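Structure below is protein_12.cif: mmCIF, C-alpha atoms.
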data_work
#
loop_
_atom_site.label_atom_id
_atom_site.label_comp_id
_atom_site.auth_asym_id
_atom_site.auth_seq_id
_atom_site.Cartn_x
_atom_site.Cartn_y
_atom_site.Cartn_z
CA MET A 1 21.12 -41.09 26.62
CA THR A 2 19.24 -41.05 23.32
CA ILE A 3 15.89 -39.23 23.42
CA PRO A 4 13.15 -41.12 21.52
CA ALA A 5 12.02 -39.46 18.29
CA PHE A 6 8.37 -39.29 19.38
CA VAL A 7 9.42 -37.32 22.51
CA LEU A 8 11.30 -34.80 20.35
CA ARG A 9 8.29 -34.42 18.07
CA LEU A 10 5.97 -33.96 21.04
CA THR A 11 8.30 -31.36 22.57
CA ALA A 12 8.43 -29.44 19.30
CA LEU A 13 4.63 -29.51 19.04
CA VAL A 14 4.23 -28.23 22.60
CA CYS A 15 6.68 -25.38 21.88
CA LEU A 16 4.76 -24.47 18.74
CA VAL A 17 1.43 -24.43 20.59
CA CYS A 18 2.91 -22.36 23.43
CA SER A 19 4.37 -19.87 20.97
CA ALA A 20 1.01 -19.47 19.22
CA ALA A 21 -0.78 -19.11 22.54
CA ALA A 22 1.66 -16.40 23.64
CA HIS A 23 0.57 -14.30 20.66
CA ALA A 24 -3.16 -15.06 20.88
CA THR A 25 -5.44 -12.10 21.45
CA ASP A 26 -7.61 -12.02 24.55
CA TYR A 27 -11.11 -10.63 24.02
CA PRO A 28 -12.77 -8.33 24.91
CA LEU A 29 -9.95 -6.12 23.71
CA THR A 30 -9.68 -2.34 23.91
CA VAL A 31 -7.35 -0.72 21.36
CA THR A 32 -6.45 2.81 20.31
CA ASP A 33 -6.88 3.32 16.58
CA LEU A 34 -5.08 5.72 14.25
CA ALA A 35 -7.62 8.46 15.01
CA GLY A 36 -6.72 8.21 18.70
CA ARG A 37 -10.09 6.65 19.54
CA GLN A 38 -10.43 3.87 22.10
CA VAL A 39 -12.43 1.02 20.62
CA THR A 40 -13.51 -2.19 22.34
CA ILE A 41 -13.63 -5.38 20.29
CA GLU A 42 -15.81 -7.97 22.03
CA HIS A 43 -14.71 -11.00 20.02
CA GLU A 44 -12.50 -11.93 17.09
CA PRO A 45 -14.04 -10.26 14.00
CA LYS A 46 -15.29 -12.70 11.39
CA ARG A 47 -17.22 -10.33 9.09
CA ILE A 48 -15.50 -7.04 8.30
CA VAL A 49 -16.16 -4.06 6.05
CA LEU A 50 -13.26 -2.40 4.21
CA GLN A 51 -13.82 1.21 3.17
CA ASP A 52 -10.62 1.01 1.04
CA GLY A 53 -10.06 -2.27 -0.77
CA ARG A 54 -6.30 -1.77 -0.79
CA ASP A 55 -6.34 -2.92 2.82
CA LEU A 56 -6.49 -6.32 1.16
CA PHE A 57 -2.69 -6.05 1.02
CA SER A 58 -2.66 -5.96 4.83
CA LEU A 59 -5.03 -8.91 5.08
CA ALA A 60 -2.78 -10.87 2.71
CA LEU A 61 -0.09 -10.62 5.39
CA LEU A 62 -2.34 -11.43 8.33
CA ASP A 63 -4.91 -13.86 6.87
CA ARG A 64 -2.54 -15.41 4.37
CA GLU A 65 -4.57 -18.64 4.02
CA ASP A 66 -7.40 -16.54 2.58
CA PRO A 67 -7.35 -12.72 2.84
CA PHE A 68 -10.97 -12.62 1.63
CA ALA A 69 -12.28 -14.92 4.37
CA ARG A 70 -13.45 -12.14 6.69
CA ILE A 71 -14.53 -9.55 4.11
CA SER A 72 -18.32 -9.22 3.87
CA VAL A 73 -18.61 -5.75 2.27
CA TRP A 74 -15.91 -3.61 0.72
CA ASN A 75 -14.77 -1.11 -1.87
CA ASN A 76 -12.84 -3.20 -4.41
CA ILE A 77 -10.54 -0.48 -5.72
CA ILE A 78 -8.01 -3.04 -6.89
CA LYS A 79 -10.38 -4.70 -9.35
CA ARG A 80 -11.32 -1.38 -10.93
CA SER A 81 -7.93 0.29 -11.02
CA ASP A 82 -5.40 -2.55 -11.20
CA PRO A 83 -6.83 -5.52 -13.18
CA ASN A 84 -3.42 -7.23 -13.40
CA THR A 85 -3.03 -7.51 -9.64
CA TRP A 86 -6.70 -8.30 -9.12
CA ALA A 87 -6.45 -11.21 -11.57
CA LEU A 88 -3.63 -12.62 -9.43
CA PHE A 89 -5.67 -12.47 -6.20
CA GLU A 90 -8.71 -13.87 -7.99
CA LYS A 91 -6.73 -16.80 -9.38
CA GLN A 92 -5.17 -17.57 -6.01
CA TRP A 93 -8.50 -17.56 -4.14
CA PRO A 94 -11.15 -18.24 -6.82
CA LYS A 95 -13.85 -19.43 -4.42
CA SER A 96 -13.75 -16.41 -2.11
CA ALA A 97 -12.43 -13.45 -4.14
CA ASN A 98 -15.85 -12.40 -5.39
CA LYS A 99 -18.10 -13.47 -2.52
CA ALA A 100 -18.07 -10.08 -0.73
CA THR A 101 -20.39 -7.27 -1.78
CA ASP A 102 -18.57 -4.45 -3.57
CA MET A 103 -20.42 -1.27 -2.60
CA GLN A 104 -17.85 1.08 -4.16
CA PHE A 105 -18.13 3.59 -1.33
CA GLY A 106 -15.33 6.09 -1.02
CA ASP A 107 -13.99 8.91 1.13
CA ASP A 108 -16.98 11.26 1.09
CA GLY A 109 -19.23 9.64 3.68
CA ASP A 110 -21.35 8.19 0.86
CA MET A 111 -21.98 4.94 2.70
CA ASN A 112 -25.29 3.11 2.50
CA LEU A 113 -25.24 2.18 6.15
CA GLU A 114 -28.45 0.13 5.96
CA ALA A 115 -26.94 -2.08 3.26
CA VAL A 116 -23.68 -2.36 5.21
CA VAL A 117 -25.50 -3.38 8.40
CA ALA A 118 -27.48 -5.94 6.41
CA GLY A 119 -24.17 -7.69 5.81
CA LYS A 120 -24.01 -8.30 9.60
CA PRO A 121 -20.46 -6.97 10.08
CA ASP A 122 -18.67 -7.18 13.41
CA LEU A 123 -15.96 -4.67 12.42
CA LEU A 124 -15.60 -1.75 10.01
CA VAL A 125 -12.14 -0.64 8.89
CA PHE A 126 -11.86 2.95 7.65
CA GLN A 127 -8.92 4.91 6.29
CA LEU A 128 -8.07 7.95 8.41
CA ARG A 129 -8.27 10.31 5.42
CA ALA A 130 -12.04 9.67 5.28
CA ARG A 131 -12.78 10.48 8.91
CA LYS A 132 -13.96 14.07 8.46
CA SER A 133 -16.51 13.06 5.84
CA LEU A 134 -17.66 10.00 7.75
CA GLU A 135 -18.11 12.05 10.91
CA GLY A 136 -20.02 14.68 8.94
CA ALA A 137 -22.36 12.00 7.62
CA GLY A 138 -22.94 10.69 11.14
CA VAL A 139 -21.47 7.27 10.37
CA GLU A 140 -19.46 7.00 13.60
CA ARG A 141 -22.45 7.97 15.74
CA LYS A 142 -24.79 5.55 13.99
CA LEU A 143 -22.35 2.66 14.28
CA ALA A 144 -21.88 3.36 17.99
CA ALA A 145 -25.67 3.25 18.45
CA LEU A 146 -25.73 -0.11 16.67
CA LYS A 147 -22.80 -1.33 18.79
CA ILE A 148 -20.74 -2.19 15.71
CA PRO A 149 -17.05 -1.37 16.31
CA ALA A 150 -15.10 0.64 13.75
CA ILE A 151 -11.39 1.38 13.64
CA TYR A 152 -9.35 3.84 11.62
CA VAL A 153 -6.10 2.77 9.99
CA ASP A 154 -3.77 4.86 7.84
CA THR A 155 -1.51 3.78 5.01
CA ASP A 156 -1.32 7.00 3.02
CA LEU A 157 -1.55 10.27 4.98
CA ASP A 158 1.67 9.47 6.86
CA PRO A 159 2.46 6.14 5.26
CA VAL A 160 5.71 4.98 6.83
CA PRO A 161 5.00 5.31 10.57
CA HIS A 162 1.26 4.82 10.26
CA SER A 163 1.44 1.69 8.09
CA GLN A 164 3.46 0.06 10.83
CA LYS A 165 0.98 1.14 13.50
CA SER A 166 -1.92 -0.03 11.34
CA ILE A 167 -0.47 -3.51 10.87
CA GLU A 168 0.16 -3.72 14.61
CA LEU A 169 -3.43 -2.63 15.29
CA LEU A 170 -4.97 -5.07 12.80
CA GLY A 171 -2.77 -7.86 14.12
CA LYS A 172 -4.21 -7.37 17.59
CA VAL A 173 -7.80 -6.90 16.49
CA LEU A 174 -7.80 -9.89 14.13
CA ASN A 175 -5.89 -12.25 16.45
CA ARG A 176 -2.86 -12.27 14.14
CA GLU A 177 -0.22 -10.66 16.35
CA ALA A 178 2.57 -13.11 15.48
CA ARG A 179 2.19 -12.43 11.75
CA ALA A 180 1.99 -8.70 12.35
CA THR A 181 5.23 -8.87 14.33
CA GLU A 182 6.91 -10.86 11.58
CA TYR A 183 6.07 -8.20 9.01
CA LEU A 184 7.00 -5.31 11.28
CA ASP A 185 10.41 -6.86 11.96
CA PHE A 186 10.90 -7.14 8.19
CA TYR A 187 9.71 -3.56 7.64
CA LYS A 188 11.86 -2.01 10.36
CA ALA A 189 15.01 -3.84 9.28
CA ARG A 190 14.71 -2.54 5.72
CA LEU A 191 13.73 0.95 6.80
CA ALA A 192 16.78 1.08 9.08
CA LYS A 193 19.01 0.38 6.07
CA VAL A 194 17.40 3.20 4.12
CA ASP A 195 17.66 5.59 7.06
CA LYS A 196 21.36 4.79 7.47
CA LEU A 197 22.00 5.27 3.75
CA VAL A 198 20.20 8.63 3.68
CA ALA A 199 21.98 9.85 6.83
CA GLU A 200 25.33 9.22 5.18
CA GLN A 201 24.52 11.33 2.11
CA GLY A 202 24.93 15.05 1.56
CA LYS A 203 22.38 17.06 -0.37
CA ARG A 204 19.05 15.39 -1.00
CA PRO A 205 17.86 15.18 -4.62
CA LEU A 206 14.86 17.28 -5.60
CA VAL A 207 12.14 14.86 -6.74
CA PHE A 208 8.91 15.38 -8.65
CA VAL A 209 6.28 12.62 -8.61
CA GLU A 210 3.70 12.62 -11.38
CA ALA A 211 1.03 10.54 -9.67
CA LYS A 212 -1.21 8.39 -11.89
CA ALA A 213 0.97 9.34 -14.86
CA GLY A 214 -0.80 8.80 -18.16
CA GLN A 215 -4.19 7.95 -16.65
CA GLY A 216 -5.75 10.90 -18.45
CA GLY A 217 -4.07 10.14 -21.77
CA SER A 218 -1.04 11.37 -23.64
CA SER A 219 -1.74 15.07 -23.14
CA ALA A 220 -2.38 15.07 -19.37
CA CYS A 221 0.25 16.36 -16.93
CA CYS A 222 0.96 16.84 -14.04
CA PHE A 223 -0.97 15.65 -10.96
CA THR A 224 1.15 15.36 -7.82
CA HIS A 225 1.14 14.99 -4.03
CA GLY A 226 2.39 17.32 -1.32
CA GLU A 227 2.77 16.46 2.38
CA VAL A 228 0.85 13.19 2.05
CA TYR A 229 0.93 10.00 -0.05
CA TRP A 230 3.86 9.95 -2.49
CA GLY A 231 5.24 13.14 -0.97
CA LYS A 232 5.81 11.36 2.33
CA LEU A 233 7.30 8.28 0.65
CA VAL A 234 9.76 10.45 -1.29
CA GLN A 235 10.88 12.04 1.96
CA ALA A 236 11.27 8.66 3.67
CA ALA A 237 13.47 7.52 0.78
CA GLY A 238 15.77 10.52 1.14
CA GLY A 239 14.41 12.97 -1.43
CA ASP A 240 12.98 16.48 -1.23
CA ASN A 241 9.46 16.38 -2.64
CA LEU A 242 8.86 19.21 -5.12
CA GLY A 243 5.09 18.90 -4.74
CA SER A 244 5.39 19.90 -1.09
CA GLN A 245 7.01 23.16 -2.17
CA ILE A 246 4.69 24.23 -4.98
CA LEU A 247 1.20 22.91 -4.17
CA PRO A 248 -1.24 25.14 -2.31
CA GLY A 249 -2.97 22.02 -0.94
CA VAL A 250 -2.07 18.41 -0.29
CA THR A 251 -2.68 17.25 -3.88
CA GLY A 252 -3.28 18.98 -7.19
CA ASP A 253 -2.19 19.69 -10.74
CA VAL A 254 0.82 21.77 -11.69
CA THR A 255 1.97 22.75 -15.15
CA LEU A 256 4.87 20.99 -16.78
CA GLU A 257 6.42 24.42 -17.36
CA THR A 258 6.51 24.93 -13.59
CA VAL A 259 8.17 21.57 -13.07
CA ILE A 260 10.76 22.30 -15.77
CA SER A 261 11.61 25.63 -14.15
CA LYS A 262 12.24 23.98 -10.77
CA LYS A 263 14.79 21.57 -12.28
CA PRO A 264 14.06 18.41 -10.29
CA ASP A 265 16.96 15.96 -10.16
CA VAL A 266 14.63 12.94 -10.35
CA TYR A 267 11.24 12.56 -12.06
CA VAL A 268 9.03 9.66 -10.90
CA MET A 269 5.86 8.50 -12.66
CA SER A 270 3.49 6.31 -10.66
CA GLY A 271 1.34 3.99 -12.72
CA THR A 272 -0.71 0.84 -12.98
CA GLN A 273 -3.19 -0.75 -15.38
CA PHE A 274 -5.98 1.80 -14.98
CA LYS A 275 -9.18 0.82 -16.77
CA ASP A 276 -9.73 4.30 -18.25
CA SER A 277 -10.03 4.03 -22.02
CA THR A 278 -7.61 6.93 -22.50
CA SER A 279 -4.98 5.64 -20.05
CA ILE A 280 -1.42 5.08 -21.21
CA SER A 281 -0.14 4.64 -17.66
CA PRO A 282 2.76 2.21 -17.17
CA PRO A 283 1.02 -1.03 -16.10
CA PHE A 284 3.08 -1.89 -13.03
CA GLY A 285 1.73 -4.57 -10.71
CA PHE A 286 1.81 -8.20 -9.66
CA GLY A 287 1.23 -11.38 -11.64
CA PRO A 288 2.24 -13.01 -14.92
CA THR A 289 0.23 -10.55 -17.04
CA VAL A 290 2.54 -7.69 -16.01
CA GLN A 291 5.11 -7.34 -18.80
CA GLN A 292 8.22 -5.16 -19.09
CA PRO A 293 7.75 -4.32 -22.81
CA ALA A 294 4.32 -2.79 -22.06
CA ILE A 295 5.80 -0.76 -19.23
CA ASP A 296 8.70 0.44 -21.41
CA LYS A 297 6.31 1.41 -24.20
CA ALA A 298 4.10 3.43 -21.85
CA MET A 299 7.03 5.24 -20.26
CA ALA A 300 8.48 6.04 -23.68
CA GLN A 301 5.11 7.47 -24.74
CA LEU A 302 4.96 9.65 -21.64
CA LEU A 303 8.45 10.96 -22.28
CA LYS A 304 7.39 12.03 -25.78
CA ARG A 305 4.87 14.51 -24.41
CA PRO A 306 5.70 18.11 -25.34
CA GLY A 307 8.20 19.58 -22.91
CA MET A 308 9.33 16.34 -21.27
CA ALA A 309 12.65 16.41 -23.14
CA GLN A 310 13.40 19.77 -21.52
CA LEU A 311 13.38 18.32 -18.02
CA GLN A 312 16.79 18.16 -16.38
CA ALA A 313 15.88 14.70 -15.08
CA THR A 314 15.14 13.50 -18.63
CA ARG A 315 18.44 14.82 -19.97
CA GLN A 316 20.31 13.08 -17.14
CA ASN A 317 18.39 9.81 -17.57
CA ARG A 318 16.84 10.00 -14.12
CA VAL A 319 13.19 9.29 -14.95
CA TYR A 320 11.60 6.31 -13.20
CA GLY A 321 8.26 4.55 -12.94
CA VAL A 322 6.78 2.94 -9.82
CA TYR A 323 3.67 0.94 -8.90
CA HIS A 324 1.02 3.50 -8.08
CA HIS A 325 -0.87 1.69 -5.30
CA PHE A 326 2.19 1.55 -3.04
CA TYR A 327 1.13 5.00 -1.83
CA ALA A 328 -1.97 3.47 -0.16
CA SER A 329 -0.62 0.06 0.83
CA ALA A 330 1.09 -1.30 3.93
CA TRP A 331 3.61 -2.79 1.49
CA ASN A 332 5.03 0.70 0.93
CA ILE A 333 8.43 -0.26 2.35
CA LEU A 334 9.15 -1.68 -1.11
CA ALA A 335 8.53 1.75 -2.65
CA VAL A 336 10.85 3.36 -0.11
CA GLU A 337 13.63 0.92 -1.01
CA TYR A 338 13.17 1.30 -4.76
CA LEU A 339 13.11 5.10 -4.52
CA ALA A 340 16.16 5.26 -2.25
CA GLN A 341 18.06 3.12 -4.74
CA ALA A 342 17.07 5.52 -7.54
CA PHE A 343 17.93 8.63 -5.52
CA TYR A 344 21.38 7.36 -4.49
CA PRO A 345 22.43 4.81 -7.12
CA GLN A 346 26.13 4.98 -6.30
CA ALA A 347 25.63 4.42 -2.57
CA ALA A 348 22.70 2.00 -2.51
CA ALA A 349 24.56 -1.27 -3.00
CA GLY A 350 23.31 -2.47 0.39
CA LEU A 351 19.69 -2.20 -0.71
CA ASP A 352 17.99 -5.04 -2.60
CA PRO A 353 14.32 -4.15 -3.15
CA ALA A 354 13.85 -7.10 -5.52
CA ALA A 355 14.90 -9.49 -2.75
CA SER A 356 12.66 -7.62 -0.32
CA THR A 357 9.75 -8.08 -2.73
CA HIS A 358 10.43 -11.82 -2.87
CA THR A 359 10.59 -12.03 0.94
CA LEU A 360 7.42 -10.00 1.43
CA LEU A 361 5.42 -12.09 -1.02
CA GLY A 362 6.62 -15.16 0.84
CA MET A 363 4.85 -13.79 3.94
CA THR A 364 1.55 -13.84 2.07
CA GLY A 365 -0.57 -16.54 0.51
CA LEU A 366 0.60 -15.37 -2.91
CA GLY A 367 3.95 -17.09 -2.59
CA THR A 368 6.47 -16.51 -5.36
CA VAL A 369 4.78 -14.61 -8.17
CA PRO A 370 6.10 -12.31 -10.90
CA ALA A 371 6.03 -8.60 -10.14
CA ILE A 372 7.29 -5.48 -11.88
CA LEU A 373 7.04 -2.59 -9.47
CA PHE A 374 9.75 -0.16 -10.53
CA SER A 375 11.61 0.66 -13.72
CA GLN A 376 13.94 3.25 -15.21
CA ALA A 377 12.61 4.95 -18.30
CA PRO A 378 14.11 3.78 -21.60
CA HIS A 379 17.18 5.88 -22.32
CA GLY A 380 17.17 8.23 -25.25
CA GLU A 381 13.42 8.61 -25.59
#

Can the structure from this file be put into structure tokens for me?
Amino acid sequence: MTIPAFVLRLTALVCLVCSAAAHATDYPLTVTDLAGRQVTIEHEPKRIVLQDGRDLFSLALLDREDPFARISVWNNIIKRSDPNTWALFEKQWPKSANKATDMQFGDDGDMNLEAVVAGKPDLLVFQLRARKSLEGAGVERKLAALKIPAIYVDTDLDPVPHSQKSIELLGKVLNREARATEYLDFYKARLAKVDKLVAEQGKRPLVFVEAKAGQGGSSACCFTHGEVYWGKLVQAAGGDNLGSQILPGVTGDVTLETVISKKPDVYVMSGTQFKDSTSISPPFGFGPTVQQPAIDKAMAQLLKRPGMAQLQATRQNRVYGVYHHFYASAWNILAVEYLAQAFYPQAAAGLDPAASTHTLLGMTGLGTVPAILFSQAPHGE
């Protein structure tokens, strides 16, 4: 018996609706955030405040039709520290990209709560690293009194496990569970490949990350991360992070002489198109304005700094550059793949971070766009 075409179409539509309904969030909803706090969300949030604008990368996965649609107030870090990538978002969503108020608040509890409340938010999203300062400023207490829910996410203190938990949390809170699951399946599959690769290796390479390389000009060196941020991503990719061994705190400056004496096997410079007038940072990022010659030129300049030629990693042509904002983005699985490939070039044939980048962008409203997110330094410089 032949089934009429309209019946097949109707059946497919019913299946699609049932699938969407199965993933729909029921409100009121009580969740546990990344600070371990139980928070009740009365209804689907429509006006949210982002303490860290790089959570836009998460919204691009979950609200892919328009990641700006819910943002009422935020800290637009991307516009100020990565104009290339910001231009891409602005071009893709020209009517909504600049509608939210940019209050430029940061991690120190310096939040004008009256101005925030005037934006009539129904959810505030904070990064976990800012909690101590926000608590000290009484922000949590004041929001509770106003009955405005706030949740903590984390994409940088412990980026690999916490980015996954943060996407899961936001998926529930924003009624985007199906899209969150899609990304988490993608993330876990690629992380499993890296974990398997690393487990099969012997000694881990010693890795030094110069974070924000070149932001302070041609004479600045060397700011790095310890047991947070890039330090954690290095470990996830199978390296031993030198910063964790030599820093007295979680971040800080070390001398190039100290780095040279420790003989790291791999030297990584994180960079983007910082607006600082003195910056010569490699302008990694997304969009057609990101160009390989500019990145090569910047990396070559950084390698010409006094002492860089003495590095073991320089002599062995194991100096790399990577997109800086991966350290604070839920897209950090791309950084883990790129780094693992650099750490174990002979064994990493099963990794394809470029393909992963293409797939990830396909999960967002950005579609297929140019991106240069990782590069080996020009040889011989």

Hits from the PyMOL selection byres ((chain A and resi 310) around 10), listed as a list in words: Leu256, Glu257, Ile260, Ser261, Lys263, Pro306, Gly307, Met308, Ala309, Leu311, Gln312, Ala313, Thr314 and Arg315 of chain A

Separation of atom CA of Val153 of chain A from atom CA of Ala180 of chain A, in Å and rounded to one decimal: 14.2 Å

Expansion of the PyMOL selection byres ((chain A and resi 148) around 8) into residues, as a PyMOL selection string: chain A and resi 121-124+143-147+149-150

Residue members of the PyMOL selection byres ((chain A and resi 39-48) around 9) in the file shown, as an MDAnalysis selection string: chainID A and resid 25:33 37:38 49:50 69:74 119:125 149:151 173:175

Nearest-residue call for Lys196 of chain A, choices A:Gly252, A:Gly350, A:Pro161, A:Pro264, using only C-alpha atoms: A:Gly350

Shell of 12 Å around Asp110 of chain A, all atoms listed in the file, local chain residues under 5 positions omitted, as a list in words: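 The residues satisfying every condition are Gln51, Asn75, Met103, Gln104, Phe105, Ala115, Val116, Ala130, Arg131, Ser133, Leu134, Glu135, Gly136, Ala137, Gly138 and Val139 of chain A.
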
Within 12 Å of file point (-11.8, -10.8, 1.6), counting only C-alpha atoms, expressed as a VMD selection string: chain A and resid 46 to 50 52 to 60 62 to 76 89 to 90 93 to 102

Residues from last step as file, C-alpha atoms, as a JSON list (two decimals), in the frame of the given file:
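Listing of result.json after writing:
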[["chain", "number", "residue", "atom", "x", "y", "z"],
["A", 46, "LYS", "CA", -15.29, -12.70, 11.39],
["A", 47, "ARG", "CA", -17.22, -10.33, 9.09],
["A", 48, "ILE", "CA", -15.50, -7.04, 8.30],
["A", 49, "VAL", "CA", -16.16, -4.06, 6.05],
["A", 50, "LEU", "CA", -13.26, -2.40, 4.21],
["A", 52, "ASP", "CA", -10.62, 1.01, 1.04],
["A", 53, "GLY", "CA", -10.06, -2.27, -0.77],
["A", 54, "ARG", "CA", -6.30, -1.77, -0.79],
["A", 55, "ASP", "CA", -6.34, -2.92, 2.82],
["A", 56, "LEU", "CA", -6.49, -6.32, 1.16],
["A", 57, "PHE", "CA", -2.69, -6.05, 1.02],
["A", 58, "SER", "CA", -2.66, -5.96, 4.83],
["A", 59, "LEU", "CA", -5.03, -8.91, 5.08],
["A", 60, "ALA", "CA", -2.78, -10.87, 2.71],
["A", 62, "LEU", "CA", -2.34, -11.43, 8.33],
["A", 63, "ASP", "CA", -4.91, -13.86, 6.87],
["A", 64, "ARG", "CA", -2.54, -15.41, 4.37],
["A", 65, "GLU", "CA", -4.57, -18.64, 4.02],
["A", 66, "ASP", "CA", -7.40, -16.54, 2.58],
["A", 67, "PRO", "CA", -7.35, -12.72, 2.84],
["A", 68, "PHE", "CA", -10.97, -12.62, 1.63],
["A", 69, "ALA", "CA", -12.28, -14.92, 4.37],
["A", 70, "ARG", "CA", -13.45, -12.14, 6.69],
["A", 71, "ILE", "CA", -14.53, -9.55, 4.11],
["A", 72, "SER", "CA", -18.32, -9.22, 3.87],
["A", 73, "VAL", "CA", -18.61, -5.75, 2.27],
["A", 74, "TRP", "CA", -15.91, -3.61, 0.72],
["A", 75, "ASN", "CA", -14.77, -1.11, -1.87],
["A", 76, "ASN", "CA", -12.84, -3.20, -4.41],
["A", 89, "PHE", "CA", -5.67, -12.47, -6.20],
["A", 90, "GLU", "CA", -8.71, -13.87, -7.99],
["A", 93, "TRP", "CA", -8.50, -17.56, -4.14],
["A", 94, "PRO", "CA", -11.15, -18.24, -6.82],
["A", 95, "LYS", "CA", -13.85, -19.43, -4.42],
["A", 96, "SER", "CA", -13.75, -16.41, -2.11],
["A", 97, "ALA", "CA", -12.43, -13.45, -4.14],
["A", 98, "ASN", "CA", -15.85, -12.40, -5.39],
["A", 99, "LYS", "CA", -18.10, -13.47, -2.52],
["A", 100, "ALA", "CA", -18.07, -10.08, -0.73],
["A", 101, "THR", "CA", -20.39, -7.27, -1.78],
["A", 102, "ASP", "CA", -18.57, -4.45, -3.57]]

Excluding segment 80-83 of chain A and any residue of its chain fewer than 3 positions from it, enumerate the residues within 7 Å of it, using all atoms listed in the file, and give them as a short mmCIF file (atom, residue, chain, number, x, y, z; two decimals) with C-alpha atoms, keeping the file's coordinate frame.
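For reference, around.cif as written:
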data_model
loop_
_atom_site.label_atom_id
_atom_site.label_comp_id
_atom_site.auth_asym_id
_atom_site.auth_seq_id
_atom_site.Cartn_x
_atom_site.Cartn_y
_atom_site.Cartn_z
CA ASN A 76 -12.84 -3.20 -4.41
CA ILE A 77 -10.54 -0.48 -5.72
CA TRP A 86 -6.70 -8.30 -9.12
CA ALA A 87 -6.45 -11.21 -11.57
CA THR A 272 -0.71 0.84 -12.98
CA GLN A 273 -3.19 -0.75 -15.38
CA PHE A 274 -5.98 1.80 -14.98
CA LYS A 275 -9.18 0.82 -16.77
#
